[in-house]
Structures are given as structure tokens and as C-alpha cells.
file model-v8.txt (compact mmCIF, C-alpha atoms)
# COMPACT_ATOMS: atom_id res chain seq x y z
CA MET F 1 16.96 -0.08 -13.46
CA PRO F 2 17.11 -3.09 -11.14
CA TYR F 3 14.30 -5.61 -11.26
CA ARG F 4 11.54 -4.47 -8.92
CA ASN F 5 9.00 -7.07 -7.90
CA LYS F 6 8.25 -6.40 -4.23
CA THR F 7 5.27 -4.86 -2.51
CA PHE F 8 6.02 -2.30 0.17
CA VAL F 9 3.33 -2.20 2.88
CA SER F 10 3.08 0.92 5.03
CA PHE F 11 0.93 0.86 8.18
CA ASP F 12 0.57 1.89 11.79
CA GLY F 13 2.78 -0.71 13.49
CA ASP F 14 1.21 -0.04 16.88
CA SER F 15 -2.45 -0.32 15.90
CA ASP F 16 -2.70 -2.14 12.57
CA MET F 17 -0.10 -4.92 12.74
CA LEU F 18 -2.94 -7.48 12.78
CA TYR F 19 -3.98 -6.48 9.24
CA TYR F 20 -0.42 -6.74 7.94
CA ARG F 21 -0.05 -10.17 9.56
CA LEU F 22 -3.37 -11.21 8.02
CA MET F 23 -2.02 -10.29 4.57
CA GLN F 24 1.00 -12.49 5.25
CA ALA F 25 -1.31 -15.33 6.36
CA TRP F 26 -3.38 -15.02 3.18
CA THR F 27 -0.26 -15.69 1.10
CA GLN F 28 0.30 -18.93 3.03
CA ASN F 29 -3.29 -20.14 2.68
CA ASP F 30 -3.88 -22.25 -0.44
CA SER F 31 -7.65 -21.60 -0.20
CA ILE F 32 -7.20 -17.84 -0.66
CA ASP F 33 -6.15 -16.36 -4.00
CA PHE F 34 -3.75 -13.78 -2.61
CA ASN F 35 -0.03 -13.35 -3.05
CA PHE F 36 2.44 -10.53 -2.77
CA TYR F 37 6.22 -10.40 -2.63
CA ASN F 38 6.85 -8.62 0.64
CA ALA F 39 9.52 -5.92 0.53
CA HIS F 40 9.81 -6.17 4.31
CA ASP F 41 11.46 -9.58 3.92
CA LEU F 42 14.61 -7.88 2.55
CA ASN F 43 16.05 -6.64 5.85
CA SER F 44 14.92 -6.00 9.38
CA ALA F 45 14.45 -2.68 11.11
CA ARG F 46 14.25 -2.89 14.88
CA ASP F 47 12.15 -0.56 17.00
CA THR F 48 15.30 0.35 18.95
CA SER F 49 17.25 1.41 15.83
CA GLN F 50 18.04 5.03 15.15
CA GLU F 51 15.56 6.82 12.86
CA ILE F 52 18.25 7.38 10.22
CA SER F 53 19.18 3.69 10.09
CA ILE F 54 15.52 2.64 9.93
CA LYS F 55 14.94 5.01 7.02
CA ALA F 56 18.06 3.66 5.28
CA GLN F 57 16.67 0.12 5.56
CA LEU F 58 13.25 1.27 4.37
CA SER F 59 14.90 2.99 1.39
CA GLU F 60 16.63 -0.27 0.50
CA ARG F 61 13.29 -2.05 0.57
CA MET F 62 11.73 0.61 -1.67
CA ARG F 63 14.49 0.23 -4.25
CA ASN F 64 13.14 -3.28 -4.88
CA THR F 65 9.49 -2.24 -4.80
CA ARG F 66 6.98 -2.56 -7.64
CA GLU F 67 4.00 -1.06 -5.78
CA PHE F 68 3.20 0.67 -2.51
CA VAL F 69 0.32 -0.44 -0.27
CA LEU F 70 -0.86 1.91 2.46
CA LEU F 71 -3.07 0.37 5.14
CA VAL F 72 -5.25 3.17 6.50
CA GLY F 73 -6.58 2.68 10.00
CA GLU F 74 -8.01 5.00 12.59
CA ARG F 75 -4.69 6.71 13.47
CA THR F 76 -2.72 6.43 10.21
CA ARG F 77 -3.18 10.08 9.21
CA TYR F 78 -1.42 11.20 12.39
CA LEU F 79 1.78 9.17 11.83
CA THR F 80 4.35 11.63 10.57
CA LYS F 81 7.65 10.01 11.51
CA PHE F 82 7.64 6.98 9.20
CA VAL F 83 4.31 6.58 7.39
CA ASN F 84 4.39 10.13 5.99
CA TRP F 85 8.02 9.65 4.98
CA GLU F 86 7.15 6.34 3.28
CA ILE F 87 4.32 8.04 1.36
CA GLN F 88 6.74 10.79 0.27
CA GLN F 89 9.22 8.17 -0.89
CA ALA F 90 6.54 6.26 -2.82
CA ILE F 91 5.45 9.44 -4.59
CA ALA F 92 9.05 10.49 -5.36
CA ARG F 93 9.80 7.02 -6.75
CA SER F 94 6.57 6.99 -8.82
CA LEU F 95 5.37 3.80 -7.18
CA PRO F 96 1.77 2.79 -7.90
CA MET F 97 -0.07 3.45 -4.63
CA ILE F 98 -2.88 1.25 -3.34
CA VAL F 99 -4.63 2.79 -0.34
CA VAL F 100 -6.46 0.14 1.68
CA ASN F 101 -9.19 1.29 4.05
CA LEU F 102 -9.32 -0.93 7.11
CA ASN F 103 -12.85 0.29 7.91
CA GLY F 104 -14.34 -1.22 4.72
CA ARG F 105 -14.70 1.96 2.64
CA ARG F 106 -14.30 1.38 -1.09
CA SER F 107 -13.24 4.94 -1.93
CA MET F 108 -11.05 7.56 -0.29
CA ASP F 109 -11.80 8.01 3.40
CA ASP F 110 -11.33 11.75 3.80
CA GLN F 111 -11.31 11.47 7.59
CA ARG F 112 -8.56 8.83 7.83
CA CYS F 113 -6.43 9.15 4.71
CA PRO F 114 -3.07 10.90 5.28
CA THR F 115 -2.96 14.30 3.54
CA LEU F 116 -0.07 13.33 1.25
CA ALA F 117 -1.98 10.29 -0.03
CA LYS F 118 -5.15 12.30 -0.69
CA GLY F 119 -3.66 14.16 -3.64
CA ALA F 120 -1.49 11.33 -4.91
CA LEU F 121 -2.41 9.19 -7.89
CA ALA F 122 -3.74 6.18 -5.99
CA VAL F 123 -6.53 3.65 -5.99
CA HIS F 124 -8.54 3.44 -2.74
CA ILE F 125 -10.04 0.07 -1.83
CA SER F 126 -11.42 -1.87 1.11
CA PHE F 127 -9.42 -4.42 3.11
CA ASN F 128 -10.23 -7.77 1.52
CA ALA F 129 -7.98 -10.36 -0.13
CA ALA F 130 -9.93 -10.46 -3.40
CA ILE F 131 -9.96 -6.71 -4.11
CA MET F 132 -6.40 -6.33 -2.86
CA GLN F 133 -5.21 -9.04 -5.25
CA TYR F 134 -7.18 -7.39 -8.06
CA ALA F 135 -5.48 -4.06 -7.31
CA LEU F 136 -2.01 -5.65 -7.08
CA ASP F 137 -2.59 -7.30 -10.47
CA ASN F 138 -4.18 -4.32 -12.24
CA TRP F 139 -3.34 -0.99 -10.63
CA PRO F 140 0.33 -0.80 -11.72
CA THR F 141 -0.73 -0.86 -15.40
CA SER F 142 -3.53 1.66 -14.80
CA TYR F 143 -1.14 3.82 -12.79
CA ALA F 144 1.41 3.86 -15.65
CA LYS F 145 -1.26 4.93 -18.13
CA LEU F 146 -2.77 7.58 -15.85
CA SER F 147 0.57 9.01 -14.74
CA GLY F 148 1.60 9.19 -18.41
CA GLU F 149 -1.47 11.37 -18.90
CA ASN F 150 -0.40 13.53 -15.90
CA LYS F 151 -3.45 12.47 -13.87
CA SER F 152 -3.47 12.63 -10.08
CA GLY F 153 -5.81 12.20 -7.17
CA PRO F 154 -7.89 9.38 -5.83
CA TYR F 155 -9.34 6.58 -7.95
CA TYR F 156 -11.50 3.67 -6.92
CA TYR F 157 -13.01 0.56 -8.47
CA SER F 158 -16.67 0.47 -9.46
CA GLU F 159 -19.22 -1.64 -7.66
CA ASP F 160 -19.20 -3.89 -10.76
CA VAL F 161 -15.59 -4.82 -10.02
CA TYR F 162 -16.45 -5.67 -6.42
CA ARG F 163 -19.50 -7.69 -7.55
CA GLY F 164 -17.33 -9.53 -10.09
CA LEU F 165 -15.14 -10.55 -7.16
CA SER F 166 -18.21 -11.68 -5.17
CA LEU F 167 -17.82 -8.81 -2.70

call {"tool": "encode", "arguments": {"input": "model-v8.txt", "output": "C-alpha cells"}}
result
Amino acid sequence: MPYRNKTFVSFDGDSDMLYYRLMQAWTQNDSIDFNFYNAHDLNSARDTSQEISIKAQLSERMRNTREFVLLVGERTRYLTKFVNWEIQQAIARSLPMIVVNLNGRRSMDDQRCPTLAKGALAVHISFNAAIMQYALDNWPTSYAKLSGENKSGPYYYSEDVYRGLSL
């Protein structure tokens, strides 16, 4: 298996680009303890590209992916063309899934979470650099253990974890 060290971030490109860009800015800020190796840096998919070529480029990115981050905003659950496909690919590739609620919820948001992600083995967290870094550092190991035990469904971190991160 090739070395996989990237983080694939799935999101609503029309509504939630700001949050993705903020994640990128956090990695550049020395005052913020946040870093991820962005799978989207591997190649570029243009909005004008054919769906099949975009999915081919996304597949290439996923081949180098260690974990899958899903940013869940107000409209994410309605995006079937790419976000749903990306979730399917993450599940099929057994990628640890981190579902990030942009509205601040620290557990699964039943109203906003895409149906495919609801039943998947995933940790659901709020959008904040500290808890996101914690999940990036810890969820892949927890995911491996839980998937080895054939567990599924939503998980979340306790309030003690958030307090330990000063959140």
C-alpha cells in the first residue's frame, strides 16, 4: 500500500469555502497549533471540468489520504453530486471520518449531517482548530480499533476532552 499521509476535506464549495480556507490559514499561523497535509494540493479540479474527470482527480487525492474530514454546513446534506460520492469513497476505502459541524455542535447534527455519514463510523466535532487537531491526531487510531471490532455509527468526544483543550 502506498504511503498515505494526506487529509481529504469534503465540503460545500459554494457555501462553506470560508471554513476550508480558514483551515488552510490555521496551518500557516505559528500561533495556532493546527496542521494537516491537504490532499487537495495534489492536483486541481476546475469547476468547468467534466464530472468524470473531476471524480478521477478526487480519486487520485483519496489514494493518498490518511483521513477524511467532512465539513457540515447548512446545505451539505443536500449535495449529492460530489459530497455524497466523496463520503461513499471514504467509506469504501475505510478512511477514518471526522465530521465537523460548522454550527458548533459537538455531536452528530441529525438535521444537517448527510445520510451516508450518519451511519458511518465517524467522530462528530465542532469547528475549532484545537478539537480538529485533536481528532486528526487521535481519531485514526480509535477508528482502527473500533472498525476492527466491527463498530459503526456516530462517536463524539466528551466534554472533558473539550475542557482539556480549553474549549

call {"tool": "closest_atom_pairs", "arguments": {"input": "model-v8.txt", "of": "region 50-93 of chain F", "to": "region 119-135 of chain F", "cutoff": "10 Å", "atoms": "only C-alpha atoms", "output": "Markdown table"}}
result
| residue | atom | partner | partner_atom | distance |
| --- | --- | --- | --- | --- |
| F:Phe68 | CA | F:Ala122 | CA | 9.5 |
| F:Val69 | CA | F:Met132 | CA | 9.3 |
| F:Leu70 | CA | F:His124 | CA | 9.4 |
| F:Leu71 | CA | F:Phe127 | CA | 8.2 |
| F:Val72 | CA | F:Phe127 | CA | 9.3 |
| F:Ile87 | CA | F:Ala120 | CA | 9.2 |
| F:Gln88 | CA | F:Ala120 | CA | 9.7 |
| F:Ala90 | CA | F:Ala120 | CA | 9.7 |
| F:Ile91 | CA | F:Ala120 | CA | 7.2 |

call {"tool": "residues_around", "arguments": {"input": "model-v8.txt", "residues": "region 142-148 of chain F", "least_positions_apart": "3", "cutoff": "8 Å", "atoms": "only C-alpha atoms", "output": "ChimeraX atom specification"}}
result
/F:96,121-122,138-139,151-152

call {"tool": "residues_around", "arguments": {"input": "model-v8.txt", "residues": "Phe82 (chain F)", "least_positions_apart": "3", "cutoff": "10 Å", "atoms": "all atoms listed in the file", "output": "VMD selection string"}}
result
chain F and resid 10 to 12 51 54 to 55 58 79 85 to 88

call {"tool": "closest_residue", "arguments": {"input": "model-v8.txt", "among": "F:Met17, F:Arg66, F:Gln24, F:Ser53", "to": "Asp137 (chain F)", "atoms": "all atoms listed in the file"}}
result
F:Arg66

call {"tool": "closest_residue", "arguments": {"input": "model-v8.txt", "among": "F:Met97, F:Met108, F:Leu136, F:Val83", "to": "Gly13 (chain F)", "atoms": "all atoms listed in the file"}}
result
F:Val83

call {"tool": "axis_aligned_box", "arguments": {"input": "model-v8.txt", "around": "region 93-96 of chain F", "padding_each_side": "5 Å", "output": "lines of an AutoDock Vina configuration file"}}
result
center_x = 5.8
center_y = 4.9
center_z = -7.8
size_x = 18.0
size_y = 14.2
size_z = 12.1

call {"tool": "closest_residue", "arguments": {"input": "model-v8.txt", "among": "F:Thr80, F:Asn5, F:Arg75, F:Arg106", "to": "Val161 (chain F)", "atoms": "all atoms listed in the file"}}
result
F:Arg106

call {"tool": "atom_distance", "arguments": {"input": "model-v8.txt", "atom1": "CA of Tyr157 (chain F)", "atom2": "CA of Asn64 (chain F)"}}
result
26.7 Å

call {"tool": "closest_residue", "arguments": {"input": "model-v8.txt", "among": "F:Asp16, F:Arg21, F:Lys118, F:Tyr156", "to": "Arg105 (chain F)", "atoms": "all atoms listed in the file"}}
result
F:Tyr156

call {"tool": "atom_distance", "arguments": {"input": "model-v8.txt", "atom1": "CA of Glu60 (chain F)", "atom2": "CA of Thr7 (chain F)"}}
result
12.6 Å

call {"tool": "closest_residue", "arguments": {"input": "model-v8.txt", "among": "F:Phe8, F:Arg112, F:Trp26, F:Tyr19", "to": "Gln89 (chain F)", "atoms": "only C-alpha atoms"}}
result
F:Phe8

call {"tool": "atom_distance", "arguments": {"input": "model-v8.txt", "atom1": "CA of Ile32 (chain F)", "atom2": "CA of Arg63 (chain F)"}}
result
28.5 Å

call {"tool": "closest_residue", "arguments": {"input": "model-v8.txt", "among": "F:Ser158, F:Gly73, F:Asn84, F:Lys6", "to": "Asn103 (chain F)", "atoms": "only C-alpha atoms"}}
result
F:Gly73
